[in-house]
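Undergrad: Got a file for you: structure_30.cif, mmCIF, C-alpha atoms and all ligand atoms.
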```cif
data_structure
loop_
_atom_site.label_atom_id
_atom_site.label_comp_id
_atom_site.auth_asym_id
_atom_site.auth_seq_id
_atom_site.Cartn_x
_atom_site.Cartn_y
_atom_site.Cartn_z
CA MET A 1 -63.72 -1.94 -121.22
CA LYS A 2 -63.43 -3.10 -117.58
CA ALA A 3 -66.28 -1.77 -115.37
CA ARG A 4 -65.12 0.26 -112.36
CA ALA A 5 -65.39 -1.61 -109.07
CA ARG A 6 -68.29 -0.69 -106.79
CA GLU A 7 -67.80 2.14 -104.32
CA ILE A 8 -67.83 0.59 -100.82
CA LEU A 9 -67.09 3.58 -98.60
CA ARG A 10 -67.58 7.31 -98.97
CA VAL A 11 -66.53 9.72 -96.25
CA GLU A 12 -67.80 13.28 -96.56
CA ARG A 13 -66.30 16.18 -94.56
CA LEU A 14 -65.89 14.17 -91.38
CA SER A 15 -64.83 16.16 -88.32
CA LYS A 16 -64.28 15.27 -84.68
CA THR A 17 -63.05 17.41 -81.80
CA PHE A 18 -62.50 16.06 -78.30
CA GLY A 19 -63.39 18.40 -75.43
CA GLY A 20 -63.67 21.58 -77.51
CA ARG A 21 -59.94 21.72 -78.28
CA VAL A 22 -58.06 21.43 -81.59
CA PRO A 23 -59.93 19.11 -84.00
CA ALA A 24 -58.60 15.54 -84.10
CA CYS A 25 -60.10 15.23 -87.61
CA SER A 26 -61.18 18.11 -89.77
CA ALA A 27 -63.34 17.91 -92.92
CA VAL A 28 -61.85 14.61 -94.08
CA SER A 29 -63.34 13.31 -97.35
CA PHE A 30 -62.43 10.32 -99.51
CA SER A 31 -63.92 7.28 -101.16
CA LEU A 32 -62.88 3.66 -101.54
CA ARG A 33 -63.83 0.99 -104.07
CA GLN A 34 -64.05 -2.78 -103.75
CA GLY A 35 -60.60 -4.41 -103.88
CA GLU A 36 -58.84 -1.13 -103.17
CA VAL A 37 -56.41 -0.48 -100.30
CA LEU A 38 -56.11 3.06 -98.95
CA GLY A 39 -53.13 3.78 -96.70
CA ILE A 40 -53.30 6.60 -94.16
CA VAL A 41 -49.98 7.93 -92.92
CA GLY A 42 -49.12 10.88 -90.71
CA GLU A 43 -47.32 11.86 -87.56
CA SER A 44 -48.47 10.81 -84.11
CA GLY A 45 -51.61 12.71 -83.10
CA SER A 46 -52.57 13.62 -86.69
CA GLY A 47 -55.99 11.99 -86.28
CA LYS A 48 -55.51 8.64 -88.04
CA SER A 49 -56.94 6.46 -85.27
CA THR A 50 -59.79 8.88 -84.59
CA LEU A 51 -60.78 8.73 -88.26
CA LEU A 52 -60.61 4.91 -88.25
CA ARG A 53 -62.75 4.72 -85.11
CA CYS A 54 -65.39 6.98 -86.67
CA LEU A 55 -65.50 4.63 -89.68
CA ALA A 56 -65.72 1.58 -87.41
CA GLY A 57 -68.73 2.94 -85.53
CA ARG A 58 -66.74 3.35 -82.30
CA ILE A 59 -66.65 7.17 -82.09
CA GLN A 60 -69.44 9.43 -83.31
CA PRO A 61 -68.12 12.28 -85.49
CA ASP A 62 -69.33 15.83 -84.76
CA GLU A 63 -69.98 16.48 -88.44
CA GLY A 64 -69.84 14.71 -91.76
CA LYS A 65 -71.05 11.44 -93.21
CA VAL A 66 -69.78 7.86 -93.33
CA LEU A 67 -71.60 6.12 -96.19
CA ILE A 68 -71.12 2.36 -96.55
CA ALA A 69 -72.49 0.14 -99.32
CA SER A 70 -74.95 -2.49 -98.16
CA ASP A 71 -76.35 -5.26 -100.41
CA ASP A 72 -78.55 -3.04 -102.51
CA HIS A 73 -78.37 0.40 -100.94
CA ILE A 74 -76.12 2.86 -99.13
CA ILE A 75 -76.09 3.05 -95.33
CA ASP A 76 -75.42 6.37 -93.59
CA LEU A 77 -73.63 4.96 -90.55
CA TRP A 78 -74.20 7.81 -88.11
CA THR A 79 -77.81 8.63 -88.93
CA MET A 80 -79.11 5.09 -88.47
CA ASP A 81 -80.39 4.16 -85.01
CA GLU A 82 -77.98 2.48 -82.63
CA ALA A 83 -79.66 -0.94 -82.70
CA SER A 84 -79.54 -1.07 -86.52
CA ARG A 85 -75.89 0.07 -86.48
CA GLU A 86 -74.99 -2.68 -83.99
CA GLN A 87 -76.62 -5.20 -86.31
CA PHE A 88 -75.11 -3.82 -89.51
CA LEU A 89 -71.49 -3.35 -88.44
CA PRO A 90 -70.32 -6.86 -87.43
CA THR A 91 -71.16 -8.40 -90.79
CA THR A 92 -69.97 -5.46 -92.90
CA VAL A 93 -67.02 -3.76 -91.23
CA SER A 94 -64.08 -5.34 -89.43
CA LEU A 95 -61.51 -3.50 -87.32
CA ILE A 96 -58.06 -5.06 -86.92
CA HIS A 97 -56.21 -3.58 -83.93
CA GLN A 98 -52.48 -3.03 -83.58
CA ASN A 99 -52.50 -5.09 -80.41
CA PRO A 100 -54.12 -8.45 -81.21
CA ARG A 101 -55.19 -8.77 -77.58
CA ASP A 102 -57.66 -5.92 -78.21
CA GLY A 103 -59.27 -7.84 -81.08
CA LEU A 104 -59.26 -11.39 -79.70
CA ARG A 105 -61.11 -13.21 -76.93
CA LEU A 106 -58.20 -14.58 -74.97
CA ASP A 107 -60.40 -16.83 -72.83
CA ILE A 108 -61.75 -18.93 -75.71
CA SER A 109 -59.94 -21.25 -78.13
CA ALA A 110 -58.43 -20.19 -81.46
CA GLY A 111 -61.27 -21.99 -83.24
CA GLY A 112 -63.81 -20.30 -80.99
CA ASN A 113 -62.33 -16.92 -81.87
CA ILE A 114 -63.05 -17.55 -85.54
CA ALA A 115 -66.44 -19.20 -84.94
CA GLU A 116 -67.80 -16.48 -82.64
CA PRO A 117 -68.30 -13.75 -85.29
CA LEU A 118 -69.63 -16.39 -87.70
CA MET A 119 -72.24 -17.35 -85.08
CA ALA A 120 -73.10 -13.69 -84.52
CA ALA A 121 -73.71 -13.50 -88.27
CA GLY A 122 -76.14 -16.45 -88.08
CA GLY A 123 -73.89 -19.55 -88.35
CA ARG A 124 -75.27 -22.39 -86.21
CA HIS A 125 -74.03 -25.78 -87.42
CA TYR A 126 -71.10 -26.90 -85.21
CA GLY A 127 -69.48 -29.05 -87.92
CA SER A 128 -69.45 -26.34 -90.56
CA LEU A 129 -68.26 -23.68 -88.08
CA ARG A 130 -65.33 -25.94 -87.14
CA THR A 131 -64.55 -26.65 -90.80
CA THR A 132 -64.54 -22.92 -91.58
CA ALA A 133 -62.31 -22.26 -88.55
CA LEU A 134 -59.85 -24.93 -89.76
CA GLU A 135 -59.82 -23.42 -93.26
CA TRP A 136 -59.05 -19.99 -91.83
CA LEU A 137 -56.30 -21.30 -89.56
CA GLN A 138 -54.70 -22.77 -92.68
CA LYS A 139 -55.11 -19.53 -94.62
CA VAL A 140 -53.30 -17.56 -91.92
CA ASP A 141 -50.61 -20.19 -91.53
CA ILE A 142 -51.50 -21.52 -88.06
CA GLU A 143 -51.26 -25.28 -87.68
CA LYS A 144 -54.68 -26.92 -87.59
CA ARG A 145 -53.78 -28.86 -84.43
CA ARG A 146 -53.75 -25.52 -82.56
CA ILE A 147 -57.52 -25.07 -83.04
CA ASP A 148 -58.38 -25.86 -79.42
CA ASP A 149 -55.50 -23.87 -77.88
CA LEU A 150 -56.12 -20.57 -76.14
CA PRO A 151 -54.58 -17.58 -78.01
CA GLU A 152 -52.93 -16.58 -74.72
CA ILE A 153 -50.16 -19.12 -75.42
CA PHE A 154 -49.61 -18.01 -79.07
CA SER A 155 -46.69 -15.81 -80.13
CA GLY A 156 -47.44 -12.15 -81.00
CA GLY A 157 -47.28 -12.91 -84.74
CA MET A 158 -49.64 -15.90 -84.37
CA GLN A 159 -52.07 -13.81 -82.31
CA GLN A 160 -52.07 -11.16 -85.01
CA ARG A 161 -52.71 -13.79 -87.72
CA LEU A 162 -55.57 -15.20 -85.62
CA GLN A 163 -57.06 -11.71 -85.19
CA ILE A 164 -56.95 -11.34 -88.99
CA ALA A 165 -58.72 -14.71 -89.44
CA ARG A 166 -61.38 -13.67 -86.89
CA GLY A 167 -61.81 -10.32 -88.64
CA LEU A 168 -62.08 -11.68 -92.17
CA ALA A 169 -63.98 -14.96 -91.68
CA THR A 170 -67.39 -13.29 -92.03
CA HIS A 171 -66.29 -11.73 -95.35
CA PRO A 172 -66.79 -8.10 -94.33
CA ARG A 173 -66.97 -5.60 -97.19
CA LEU A 174 -64.73 -3.13 -95.46
CA VAL A 175 -61.67 -3.90 -93.32
CA LEU A 176 -60.06 -1.21 -91.18
CA MET A 177 -56.53 -1.91 -89.95
CA ASP A 178 -54.80 0.17 -87.29
CA GLU A 179 -51.03 -0.42 -87.51
CA PRO A 180 -51.52 -4.15 -88.22
CA THR A 181 -47.80 -4.93 -88.23
CA GLY A 182 -46.75 -2.54 -85.44
CA GLY A 183 -45.06 -4.10 -82.42
CA LEU A 184 -43.84 -7.18 -84.35
CA ASP A 185 -40.28 -8.25 -85.26
CA VAL A 186 -39.18 -7.18 -88.73
CA SER A 187 -39.13 -10.77 -90.08
CA VAL A 188 -42.59 -11.48 -88.61
CA GLN A 189 -43.82 -8.18 -90.09
CA ALA A 190 -42.62 -9.14 -93.57
CA LYS A 191 -44.47 -12.48 -93.45
CA LEU A 192 -47.62 -10.80 -92.16
CA LEU A 193 -47.50 -8.21 -94.93
CA ASP A 194 -47.23 -10.99 -97.54
CA LEU A 195 -50.24 -12.69 -95.96
CA LEU A 196 -52.30 -9.48 -95.90
CA ARG A 197 -51.44 -8.72 -99.52
CA SER A 198 -52.53 -12.16 -100.71
CA LEU A 199 -55.75 -12.15 -98.61
CA VAL A 200 -56.73 -8.70 -99.87
CA ARG A 201 -56.17 -9.83 -103.46
CA GLU A 202 -57.98 -13.16 -102.96
CA LEU A 203 -61.02 -11.70 -101.17
CA GLY A 204 -61.31 -8.43 -103.11
CA ILE A 205 -62.15 -6.48 -99.94
CA ALA A 206 -61.86 -2.73 -99.50
CA VAL A 207 -59.22 -1.86 -96.89
CA VAL A 208 -58.21 1.26 -94.98
CA VAL A 209 -54.84 0.76 -93.32
CA VAL A 210 -53.39 3.24 -90.86
CA THR A 211 -49.64 3.04 -90.47
CA HIS A 212 -46.59 4.98 -89.31
CA ASP A 213 -44.51 2.89 -91.63
CA ILE A 214 -43.98 4.13 -95.19
CA GLY A 215 -42.68 0.66 -96.14
CA VAL A 216 -45.99 -0.92 -95.07
CA ALA A 217 -47.90 1.74 -97.01
CA ARG A 218 -45.81 1.15 -100.14
CA LEU A 219 -46.32 -2.61 -99.97
CA LEU A 220 -50.03 -2.68 -99.17
CA ALA A 221 -51.71 0.51 -100.34
CA ASP A 222 -52.91 1.39 -103.85
CA ARG A 223 -53.60 4.95 -102.75
CA LEU A 224 -52.19 7.02 -99.94
CA MET A 225 -53.62 9.81 -97.83
CA VAL A 226 -51.23 11.90 -95.71
CA MET A 227 -52.65 13.56 -92.58
CA GLN A 228 -51.28 16.37 -90.47
CA ARG A 229 -53.10 17.99 -87.52
CA GLY A 230 -56.40 16.34 -88.44
CA ARG A 231 -56.38 17.41 -92.08
CA VAL A 232 -55.63 15.55 -95.29
CA ILE A 233 -52.67 17.41 -96.75
CA GLU A 234 -51.87 15.14 -99.70
CA GLU A 235 -53.37 12.14 -101.45
CA GLY A 236 -52.91 10.13 -104.60
CA LEU A 237 -51.58 6.86 -105.96
CA THR A 238 -49.05 5.48 -103.47
CA ASP A 239 -46.09 5.47 -105.85
CA GLN A 240 -46.89 8.99 -107.03
CA VAL A 241 -47.17 10.38 -103.50
CA LEU A 242 -43.99 8.68 -102.30
CA ASP A 243 -41.88 9.23 -105.42
CA ASP A 244 -42.97 12.83 -105.99
CA PRO A 245 -44.28 14.24 -102.70
CA HIS A 246 -45.66 17.78 -103.06
CA HIS A 247 -46.34 18.86 -99.47
CA ALA A 248 -43.34 19.78 -97.30
CA TYR A 249 -44.46 17.38 -94.54
CA THR A 250 -44.72 14.45 -96.99
CA GLN A 251 -41.28 15.33 -98.35
CA LEU A 252 -39.93 15.21 -94.79
CA LEU A 253 -41.66 11.88 -94.12
CA VAL A 254 -40.20 10.31 -97.27
CA SER A 255 -36.71 11.76 -96.80
CA SER A 256 -36.57 10.59 -93.17
CA VAL A 257 -37.14 7.01 -94.39
CA LEU A 258 -34.47 7.37 -97.07
CA GLN A 259 -31.99 8.58 -94.43
CA GLY A 260 -33.06 5.92 -91.88
N1 LIG B 1 -60.58 9.78 -76.47
C1 LIG B 1 -59.90 10.94 -76.65
N2 LIG B 1 -60.08 11.97 -75.80
C2 LIG B 1 -59.44 13.14 -75.95
N3 LIG B 1 -58.58 13.39 -76.95
C3 LIG B 1 -58.34 12.40 -77.84
C4 LIG B 1 -58.98 11.12 -77.72
N4 LIG B 1 -58.56 10.34 -78.75
C5 LIG B 1 -57.69 11.09 -79.47
N5 LIG B 1 -57.56 12.32 -78.92
C6 LIG B 1 -56.74 13.43 -79.44
O1 LIG B 1 -57.01 13.57 -80.83
C7 LIG B 1 -55.82 13.85 -81.55
C8 LIG B 1 -55.62 12.79 -82.63
O2 LIG B 1 -55.34 11.53 -82.01
P1 LIG B 1 -55.26 10.15 -82.81
O3 LIG B 1 -55.07 9.07 -81.81
O4 LIG B 1 -56.42 10.07 -83.72
O5 LIG B 1 -53.94 10.37 -83.66
P2 LIG B 1 -53.07 9.29 -84.45
O6 LIG B 1 -52.66 9.97 -85.71
O7 LIG B 1 -53.78 8.02 -84.56
O8 LIG B 1 -51.83 9.15 -83.48
P3 LIG B 1 -50.89 7.86 -83.20
O9 LIG B 1 -50.18 7.61 -84.50
O10 LIG B 1 -49.98 8.31 -82.11
O11 LIG B 1 -51.80 6.73 -82.80
C9 LIG B 1 -54.69 13.89 -80.53
O12 LIG B 1 -54.47 15.22 -80.17
C10 LIG B 1 -55.24 13.11 -79.36
O13 LIG B 1 -54.69 13.56 -78.15
#
```
So that I can check it, write out the structure of this file as structure tokens.
Ligand SMILES: Nc1ncnc2c1ncn2[C@@H]1O[C@H](COP(=O)(O)OP(=O)(O)OP(=O)(O)O)[C@@H](O)[C@H]1O

TA:
Amino acid sequence: MKARAREILRVERLSKTFGGRVPACSAVSFSLRQGEVLGIVGESGSGKSTLLRCLAGRIQPDEGKVLIASDDHIIDLWTMDEASREQFLPTTVSLIHQNPRDGLRLDISAGGNIAEPLMAAGGRHYGSLRTTALEWLQKVDIEKRRIDDLPEIFSGGMQQRLQIARGLATHPRLVLMDEPTGGLDVSVQAKLLDLLRSLVRELGIAVVVVTHDIGVARLLADRLMVMQRGRVIEEGLTDQVLDDPHHAYTQLLVSSVLQG
């Protein structure tokens, strides 16, 4: 019998309220195993980005736990001291932004963008950093001769592929994607989705992907979590949730795509 993959992330009753108003996230719990992709869908303002930022170490939740697997033990992200968290996160968790300009250094070359996180993780040898950068450019379908170009002159799709290379080159255990194909042309989106699917399969990483787009969720996610007003209202295997939605909001979400 095949052993179950290792649990990489466990979120327990995570809550966050900004400025004492309605909670952005309320008692959200879920877990994620190696090689698994969890899609999070929900209307604008339902708390998807807030949740992702709490997992990425960018926003401190008011309550709840974010437990992430380290080499041989489990890290409780928000009880560790800040210096340890700053050291732990770059090699373990990667956040891919909707706007590649938020995830890239526009003032250094494409190769430098890939080499920088590798150096932060301890890489020193110039030749091997450049070789790894070239390998990653090839993986994300950017011509190798562009290695010394600034990302500023790349197209939006190329910038997004470079951000993905920068985010994955250190082999993080957990990759968090916030609308990774948003803002791109439909044909560019389709190619990017193919690339993401093959990288996720090849690297066996655990992924949380936030999206407005049910099509993206269907293509990428093994499991789906639907959020409304900061709460998880439905979750399950992606096909099950989309083919037989139980909650009225999920039914609306699915039927609006069918009508669109
Ligand atoms: N830094 C902040 N300060 C105050 N309120 C915030 C902040 N960030 C998010 N919020 C509020 O938290 C709630 C959830 O926002 P969030 O951005 O997480 O939703 P979302 O589902 O990602 O929305 P979208 O799909 O539009 O990005 C919203 O009411 C939002 O106004």

Undergrad: Looking at all atoms listed in the file, which of A:Leu252, A:Val188, A:Val257, A:Val232 is the one that sits closest to ligand LIG 1 (chain B)?

TA: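 Between A:Leu252, A:Val188, A:Val257, A:Val232, the residue approaching ligand LIG 1 (chain B) most closely is A:Val232.
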
Undergrad: Can you work out which one of A:His171, A:Arg145, A:Lys16, A:Arg53 has the shortest atom-to-atom distance to A:Thr91, counting only C-alpha atoms?

TA: A:His171

Undergrad: Residues around (-55.3, 10.4, -101.3), cut-off 10 Å, counting all atoms listed in the file - what are they as a PyMOL selection string?

TA: chain A and resi 29-31+38-40+222-227+232-238+241

Undergrad: Which residues are near ligand LIG 1 (chain B) - at most 12 Å, using all atoms listed in the file? Format: as number ranges by chain.

TA: A: 15-26, 40-54, 58-61, 97-98, 177-179, 182, 209-213, 226-232

Undergrad: Generate the output file for the selected residues, C-alpha atoms, as a short mmCIF file (atom, residue, chain, number, x, y, z; two decimals), in the coordinates of the input.

TA:
```cif
data_model
loop_
_atom_site.label_atom_id
_atom_site.label_comp_id
_atom_site.auth_asym_id
_atom_site.auth_seq_id
_atom_site.Cartn_x
_atom_site.Cartn_y
_atom_site.Cartn_z
CA SER A 15 -64.83 16.16 -88.32
CA LYS A 16 -64.28 15.27 -84.68
CA THR A 17 -63.05 17.41 -81.80
CA PHE A 18 -62.50 16.06 -78.30
CA GLY A 19 -63.39 18.40 -75.43
CA GLY A 20 -63.67 21.58 -77.51
CA ARG A 21 -59.94 21.72 -78.28
CA VAL A 22 -58.06 21.43 -81.59
CA PRO A 23 -59.93 19.11 -84.00
CA ALA A 24 -58.60 15.54 -84.10
CA CYS A 25 -60.10 15.23 -87.61
CA SER A 26 -61.18 18.11 -89.77
CA ILE A 40 -53.30 6.60 -94.16
CA VAL A 41 -49.98 7.93 -92.92
CA GLY A 42 -49.12 10.88 -90.71
CA GLU A 43 -47.32 11.86 -87.56
CA SER A 44 -48.47 10.81 -84.11
CA GLY A 45 -51.61 12.71 -83.10
CA SER A 46 -52.57 13.62 -86.69
CA GLY A 47 -55.99 11.99 -86.28
CA LYS A 48 -55.51 8.64 -88.04
CA SER A 49 -56.94 6.46 -85.27
CA THR A 50 -59.79 8.88 -84.59
CA LEU A 51 -60.78 8.73 -88.26
CA LEU A 52 -60.61 4.91 -88.25
CA ARG A 53 -62.75 4.72 -85.11
CA CYS A 54 -65.39 6.98 -86.67
CA ARG A 58 -66.74 3.35 -82.30
CA ILE A 59 -66.65 7.17 -82.09
CA GLN A 60 -69.44 9.43 -83.31
CA PRO A 61 -68.12 12.28 -85.49
CA HIS A 97 -56.21 -3.58 -83.93
CA GLN A 98 -52.48 -3.03 -83.58
CA MET A 177 -56.53 -1.91 -89.95
CA ASP A 178 -54.80 0.17 -87.29
CA GLU A 179 -51.03 -0.42 -87.51
CA GLY A 182 -46.75 -2.54 -85.44
CA VAL A 209 -54.84 0.76 -93.32
CA VAL A 210 -53.39 3.24 -90.86
CA THR A 211 -49.64 3.04 -90.47
CA HIS A 212 -46.59 4.98 -89.31
CA ASP A 213 -44.51 2.89 -91.63
CA VAL A 226 -51.23 11.90 -95.71
CA MET A 227 -52.65 13.56 -92.58
CA GLN A 228 -51.28 16.37 -90.47
CA ARG A 229 -53.10 17.99 -87.52
CA GLY A 230 -56.40 16.34 -88.44
CA ARG A 231 -56.38 17.41 -92.08
CA VAL A 232 -55.63 15.55 -95.29
#
```

Undergrad: When distances are computed from all atoms listed in the file, which of A:Ile108, A:Ala217, A:Leu184, A:Val66 shows the smallest separation from A:Asp149?

TA: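 Using all atoms listed in the file, the shortest distance to A:Asp149 belongs to A:Ile108.
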
Undergrad: How far is it from atom CA of A:Gly204 to atom CA of A:Glu36, in Å with one decimal?

TA: 7.7 Å

Undergrad: What would the list of residues within 9 Å of (-67.3, -11.7, -92.6) (file frame) look like as a ChimeraX atom specification, if only C-alpha atoms are what count?

TA: /A:90-94,117-118,121,166-173

Undergrad: Would you write out, as CSV, a table of all residues in stretch 149-244 of chain A that have an atom no more than 8 Å from an atom of stretch 138-142 of chain A, listing for each the closest atom pair and the distance in Å to one decimal, considering all atoms listed in the file and ordering rows by chain and rising residue number?

TA:
```
residue,atom,partner,partner_atom,distance
A:Met158,CA,A:Ile142,CA,7.0
A:Arg161,CA,A:Val140,CA,5.7
A:Leu162,CA,A:Val140,CA,7.1
A:Ile164,CA,A:Val140,CA,7.8
A:Ala165,CA,A:Val140,CA,6.6
A:Leu195,CA,A:Val140,CA,7.0
```

Undergrad: Do you know which residues are at most 12 Å from A:Leu9 counting all atoms listed in the file, after dropping those on the same chain fewer than 6 positions away, and could you put them as a PyMOL selection string?

TA: chain A and resi 29-38+55-56+65-70+73-77+92-93+173-176+205-208

Undergrad: Which residues are near A:Asp243? Cut-off 12 Å, only C-alpha atoms, ignore same chain within fewer than 3 positions. Put them as a PyMOL selection string.

TA: chain A and resi 214+218+224+236-240+246+250-251+253-255+258

Undergrad: Grab the atom CA of A:Arg146 to atom CA of A:Gln159 distance for me, in Å with one decimal place.

TA: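 Taking atom CA of A:Arg146 as the start and atom CA of A:Gln159 as the end point, the length is 11.8 Å.
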
Undergrad: Using atom CA of A:Val186 and atom CA of A:Asn99 as the two end points, give the distance in Å to one decimal.

TA: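 These two atoms are separated by 15.8 Å.
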
Undergrad: Using only C-alpha atoms, pick whichever of A:Ser109, A:Thr79, A:Gln163, A:Ser128 has the shortest atom-to-atom distance to A:Leu192.

TA: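 Nearest to A:Leu192: A:Gln163.
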
Undergrad: Considering only C-alpha atoms, return as a VMD selection string whatever protein or nucleic-acid residues lie within 8 Å of A:Asp148, sequence-local ones (same chain, fewer than 5 positions apart) excluded.

TA: chain A and resid 109 to 112

Undergrad: Suppose we keep C-alpha atoms; can you now write the selection as a PDB file, in the coordinates of the input?

TA:
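Ended up saving to result15.pdb:
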```pdb
ATOM      1  CA  SER A 109     -59.940 -21.250 -78.130  1.00  0.00           C
ATOM      2  CA  ALA A 110     -58.430 -20.190 -81.460  1.00  0.00           C
ATOM      3  CA  GLY A 111     -61.270 -21.990 -83.240  1.00  0.00           C
ATOM      4  CA  GLY A 112     -63.810 -20.300 -80.990  1.00  0.00           C
TER       5      GLY A 112
END
```

Undergrad: Kindly list the centre and edge lengths in Å, rounded to one decimal, for the axis-aligned box that covers all listed atoms of stretch 162-168 of chain A plus 5 Å on each of its six sides, as JSON.

TA:
```
{"center_x": -58.8, "center_y": -12.8, "center_z": -88.7, "size_x": 16.5, "size_y": 14.9, "size_z": 17.0}
```

Undergrad: Between A:Leu104, A:Asp72, A:Glu82, A:Arg6, single out the one closest to A:Phe154, counting only C-alpha atoms.

TA: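 Answer, going by the shortest atom-to-atom distance: A:Leu104.
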
Undergrad: Between A:Ala221, A:Tyr249, A:Thr131, A:Ala190, which has the minimum distance to A:Lys144 (counting all atoms listed in the file)?

TA: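 Looking at the shortest contact to A:Lys144, the residue is A:Thr131.
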